[in-house]
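Participant: protein-v6.txt is reproduced below (compact mmCIF, C-alpha atoms).
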```txt
# COMPACT_ATOMS: atom_id res chain seq x y z
CA MET A 12 0.00 0.00 0.00
CA ASN A 13 1.45 3.35 -0.97
CA LYS A 14 1.24 6.47 1.19
CA THR A 15 -1.84 7.86 -0.62
CA GLU A 16 -3.75 4.58 -0.29
CA ASN A 17 -2.86 4.41 3.40
CA ILE A 18 -4.18 7.95 4.02
CA THR A 19 -7.39 7.11 2.12
CA ALA A 20 -7.86 3.94 4.20
CA ILE A 21 -7.47 5.92 7.41
CA LYS A 22 -10.15 8.42 6.32
CA GLN A 23 -12.79 5.76 5.70
CA VAL A 24 -14.90 6.06 8.82
CA ARG A 25 -17.55 3.39 9.27
CA PRO A 26 -19.50 4.59 12.30
CA GLY A 27 -21.99 3.03 14.66
CA LEU A 28 -23.85 4.62 17.58
CA VAL A 29 -23.99 2.51 20.74
CA LEU A 30 -26.73 3.54 23.17
CA MET A 31 -26.15 1.89 26.53
CA ASP A 32 -28.34 1.02 29.49
CA VAL A 33 -30.89 3.85 29.34
CA GLN A 34 -33.33 1.48 30.98
CA ASN A 35 -36.27 2.40 33.19
CA GLN A 36 -34.66 0.82 36.27
CA PHE A 37 -31.49 2.92 36.04
CA MET A 38 -32.74 6.30 34.81
CA PRO A 39 -33.97 7.52 38.23
CA TYR A 40 -30.38 7.35 39.54
CA MET A 41 -29.02 9.76 36.94
CA ALA A 42 -28.31 13.41 37.73
CA GLU A 43 -31.51 15.22 36.80
CA LYS A 44 -29.90 18.41 35.55
CA SER A 45 -28.18 16.49 32.75
CA SER A 46 -31.28 14.57 31.65
CA LYS A 47 -32.94 17.11 29.31
CA ILE A 48 -29.84 18.01 27.32
CA THR A 49 -28.73 14.36 27.29
CA PHE A 50 -32.09 13.16 25.96
CA ASP A 51 -32.07 15.85 23.25
CA THR A 52 -28.44 15.10 22.31
CA ILE A 53 -29.01 11.34 22.09
CA ASN A 54 -32.23 11.68 20.10
CA GLY A 55 -30.63 14.18 17.74
CA THR A 56 -27.71 11.83 17.26
CA ILE A 57 -30.03 8.89 16.62
CA ALA A 58 -31.69 10.98 13.88
CA LEU A 59 -28.28 11.83 12.37
CA PHE A 60 -27.27 8.17 12.28
CA ARG A 61 -30.56 7.13 10.68
CA GLN A 62 -30.22 9.87 8.02
CA SER A 63 -26.69 8.65 7.28
CA GLY A 64 -27.73 5.00 7.06
CA CYS A 65 -25.50 4.10 10.01
CA PRO A 66 -26.60 1.69 12.72
CA VAL A 67 -28.05 2.64 16.07
CA ILE A 68 -27.15 -0.19 18.44
CA ARG A 69 -29.03 -0.79 21.68
CA VAL A 70 -27.23 -2.33 24.66
CA TYR A 71 -29.20 -3.47 27.71
CA HIS A 72 -27.83 -4.43 31.10
CA THR A 73 -29.14 -7.17 33.36
CA ASP A 74 -27.76 -9.08 36.29
CA PRO A 75 -29.05 -12.65 36.69
CA GLN A 76 -29.58 -12.13 40.44
CA MET A 77 -30.43 -8.42 40.67
CA GLY A 78 -32.16 -7.71 37.33
CA PRO A 79 -33.73 -5.99 35.69
CA SER A 80 -35.22 -9.07 34.07
CA PRO A 81 -35.70 -9.09 30.30
CA GLY A 82 -39.35 -8.66 29.39
CA THR A 83 -40.15 -6.43 32.37
CA ASP A 84 -40.92 -2.72 32.23
CA GLU A 85 -37.80 -1.99 34.29
CA PHE A 86 -35.66 -3.65 31.59
CA GLN A 87 -37.03 -1.49 28.75
CA PHE A 88 -35.35 1.68 27.51
CA ASP A 89 -36.87 4.91 28.76
CA PRO A 90 -39.58 5.75 26.20
CA ALA A 91 -38.11 9.24 25.70
CA PHE A 92 -35.37 7.71 23.52
CA HIS A 93 -36.23 7.29 19.84
CA VAL A 94 -35.03 3.73 19.36
CA GLU A 95 -36.77 1.22 17.13
CA ASP A 96 -37.37 -2.49 17.53
CA SER A 97 -35.34 -3.04 14.36
CA ASP A 98 -32.22 -1.49 15.92
CA PRO A 99 -29.67 -4.21 16.76
CA LYS A 100 -29.98 -5.24 20.41
CA PHE A 101 -27.42 -6.77 22.76
CA VAL A 102 -27.96 -7.82 26.36
CA LYS A 103 -24.98 -7.81 28.70
CA ASN A 104 -24.31 -9.05 32.23
CA PHE A 105 -21.08 -7.09 32.73
CA PRO A 106 -20.18 -3.39 32.57
CA ASN A 107 -18.21 -3.96 29.34
CA ALA A 108 -20.66 -4.35 26.44
CA PHE A 109 -18.19 -6.58 24.57
CA LYS A 110 -17.75 -9.16 27.34
CA LYS A 111 -19.70 -12.34 26.54
CA THR A 112 -21.90 -10.65 23.91
CA ASP A 113 -21.86 -10.70 20.11
CA LEU A 114 -21.33 -6.93 19.84
CA HIS A 115 -17.76 -7.23 18.51
CA LYS A 116 -18.83 -9.88 15.99
CA PHE A 117 -21.71 -7.67 14.81
CA LEU A 118 -19.45 -4.64 14.39
CA GLN A 119 -16.93 -6.71 12.42
CA GLU A 120 -19.64 -8.13 10.16
CA LYS A 121 -20.92 -4.61 9.43
CA GLU A 122 -17.31 -3.36 9.00
CA ILE A 123 -17.86 -0.70 11.65
CA ASN A 124 -14.51 0.69 12.76
CA THR A 125 -15.63 3.76 14.72
CA ILE A 126 -18.08 3.73 17.59
CA PHE A 127 -19.74 6.58 19.40
CA LEU A 128 -20.85 5.74 22.92
CA SER A 129 -23.90 7.26 24.57
CA GLY A 130 -26.10 6.47 27.54
CA LEU A 131 -25.11 5.45 31.02
CA SER A 132 -23.27 5.27 33.19
CA ALA A 133 -20.51 7.58 32.06
CA VAL A 134 -18.19 6.30 34.78
CA GLY A 135 -19.43 2.71 34.76
CA CYS A 136 -20.58 0.76 31.74
CA VAL A 137 -19.84 3.46 29.15
CA LEU A 138 -16.31 3.82 30.48
CA ALA A 139 -15.73 0.05 30.64
CA THR A 140 -16.93 -0.31 27.05
CA TYR A 141 -14.80 2.64 25.94
CA PHE A 142 -11.60 0.98 27.16
CA SER A 143 -12.59 -2.41 25.75
CA ALA A 144 -13.24 -0.80 22.37
CA ILE A 145 -9.74 0.65 22.43
CA ASP A 146 -8.34 -2.80 23.25
CA LEU A 147 -10.27 -4.18 20.26
CA GLU A 148 -8.73 -1.45 18.07
CA TYR A 149 -11.85 0.57 17.34
CA ASN A 150 -11.83 4.31 16.98
CA VAL A 151 -14.01 5.18 19.96
CA PHE A 152 -15.54 8.40 21.21
CA MET A 153 -17.98 9.39 23.90
CA LEU A 154 -20.81 11.61 22.78
CA LYS A 155 -20.47 14.96 24.54
CA ASN A 156 -23.72 15.70 26.39
CA GLY A 157 -24.84 12.21 25.37
CA ILE A 158 -23.63 10.34 28.44
CA MET A 159 -24.78 10.61 32.04
CA SER A 160 -24.10 9.30 35.51
CA HIS A 161 -25.39 9.72 39.03
CA ASN A 162 -23.12 12.75 39.47
CA SER A 163 -22.85 15.50 36.81
CA SER A 164 -19.25 16.28 37.75
CA PHE A 165 -18.29 12.64 37.14
CA THR A 166 -19.93 12.83 33.72
CA LYS A 167 -18.02 16.01 32.87
CA PHE A 168 -14.78 14.35 33.98
CA ALA A 169 -15.42 11.36 31.68
CA GLU A 170 -16.18 13.67 28.75
CA ASP A 171 -13.05 15.75 29.41
CA ALA A 172 -10.66 12.88 30.18
CA MET A 173 -11.68 10.58 27.30
CA GLU A 174 -12.01 11.29 23.62
CA SER A 175 -15.44 12.84 23.14
CA VAL A 176 -17.18 14.62 20.29
CA SER A 177 -19.99 17.13 20.07
CA VAL A 178 -23.07 16.61 17.94
CA TYR A 179 -21.77 19.33 15.61
CA THR A 180 -18.50 17.46 15.06
CA LEU A 181 -20.33 14.17 14.68
CA LYS A 182 -22.62 15.71 12.05
CA PHE A 183 -19.54 16.85 10.13
CA ILE A 184 -18.03 13.35 10.33
CA LEU A 185 -21.23 11.64 9.18
CA THR A 186 -21.88 14.02 6.29
CA SER A 187 -18.32 14.15 4.95
CA ARG A 188 -17.28 10.53 5.26
CA GLN A 189 -16.41 8.50 2.19
CA PHE A 190 -18.41 5.40 1.33
```
Written as structure tokens, that's how I'd like the structure from this file.
Facilitator:
Amino acid sequence: MNKTENITAIKQVRPGLVLMDVQNQFMPYMAEKSSKITFDTINGTIALFRQSGCPVIRVYHTDPQMGPSPGTDEFQFDPAFHVEDSDPKFVKNFPNAFKKTDLHKFLQEKEINTIFLSGLSAVGCVLATYFSAIDLEYNVFMLKNGIMSHNSSFTKFAEDAMESVSVYTLKFILTSRQF
């Protein structure tokens, strides 16, 4: 591969949005002041991904002993999020969304090399998945104002300490990428 081909290969972004654990059981524990902007940011990003033909991936958390149990109202995503039943769905039992799920396999099959993480918890499952994605050699970013935790200052720290992008930057990436 010559230098020009290598640069072109690097520029080919194949993105996927991963929305994590915004389930009815967990939402009451999130810092309320971040909820409105976070909901708007996530829903706007979902719309951007749909317009670009890029996948919106749902990740649900359950613990076999503590729940929430699949099929219950507590397990479902908060209805304020604009997800669809046709969006790929993965159920995890660990903070890391890759551990003992088919998420990595799915991303490889769809040739997704760049993931944008949103949802909760910024300092729990989102963070664990962020580092696992790096280990699996994905380009990975947190969605600024698209993650939340029980403490707004923890969320801000995660956004500032890790690679994160704004909706504006994400829109630029999605509209200017090469197919």
Participant: Please determine the residues with any atom at most 10 Å from (-32.3, 2.8, 26.5) (coordinates as given in the file, with all atoms listed in the file counting) and report them as an MDAnalysis selection string.
Facilitator: chainID A and resid 30:35 37:38 69:72 86:94 129:131
Participant: Could you tell me which of A:Lys182, A:Asn104, A:Met159, A:Asp171 comes closest to A:Thr49 if we count all atoms listed in the file?
Facilitator: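 Among the listed residues, the smallest separation from A:Thr49 belongs to A:Met159.
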Participant: Counting all atoms listed in the file, which residue out of A:Ile68, A:Ile48, A:Leu28, A:Ala169 sits closest to A:Asp113?
Facilitator: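 Using all atoms listed in the file, A:Asp113 sits closest to A:Ile68.
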Participant: Within 9 Å of A:Leu181, counting all atoms listed in the file, which residues show up once you throw out same-chain ones fewer than 6 positions away? Write them as a PyMOL selection string, please.
Facilitator: chain A and resi 56+59+127+154
Participant: Could you work out how far atom CA of A:Pro75 lies from atom CA of A:Phe101, giving the answer in Å with one decimal?
Facilitator: 15.2 Å
Participant: With a distance cut-off of 8 Å and only C-alpha atoms, select the neighbouring residues of A:Ala108, excluding the residue or stretch itself and same-chain residues fewer than 3 positions from it, and output the selection as a PDB file with C-alpha atoms, in the frame of the given file.
Facilitator:
```
ATOM      1  CA  VAL A  70     -27.230  -2.330  24.660  1.00  0.00           C
ATOM      2  CA  LYS A 103     -24.980  -7.810  28.700  1.00  0.00           C
ATOM      3  CA  PHE A 105     -21.080  -7.090  32.730  1.00  0.00           C
ATOM      4  CA  THR A 112     -21.900 -10.650  23.910  1.00  0.00           C
ATOM      5  CA  LEU A 114     -21.330  -6.930  19.840  1.00  0.00           C
ATOM      6  CA  CYS A 136     -20.580   0.760  31.740  1.00  0.00           C
ATOM      7  CA  ALA A 139     -15.730   0.050  30.640  1.00  0.00           C
ATOM      8  CA  THR A 140     -16.930  -0.310  27.050  1.00  0.00           C
TER       9      THR A 140
END
```
Participant: Would you mind reading off the distance between atom CA of A:Met41 and atom CA of A:Thr166, one decimal, in Å?
Facilitator: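 Taking atom CA of A:Met41 and atom CA of A:Thr166, their separation equals 10.1 Å.
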Participant: Could you work out how far atom CA of A:Asn107 lies from atom CA of A:Thr125, giving the answer in Å with one decimal?
Facilitator: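 About the pair atom CA of A:Thr125 and atom CA of A:Asn107: they are 16.7 Å apart.
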Participant: Residues at most 10 Å from A:Leu147, counting only C-alpha atoms, excluding those fewer than 5 positions away in the same chain, as a VMD selection string?
Facilitator: chain A and resid 109 115 124 141 to 142
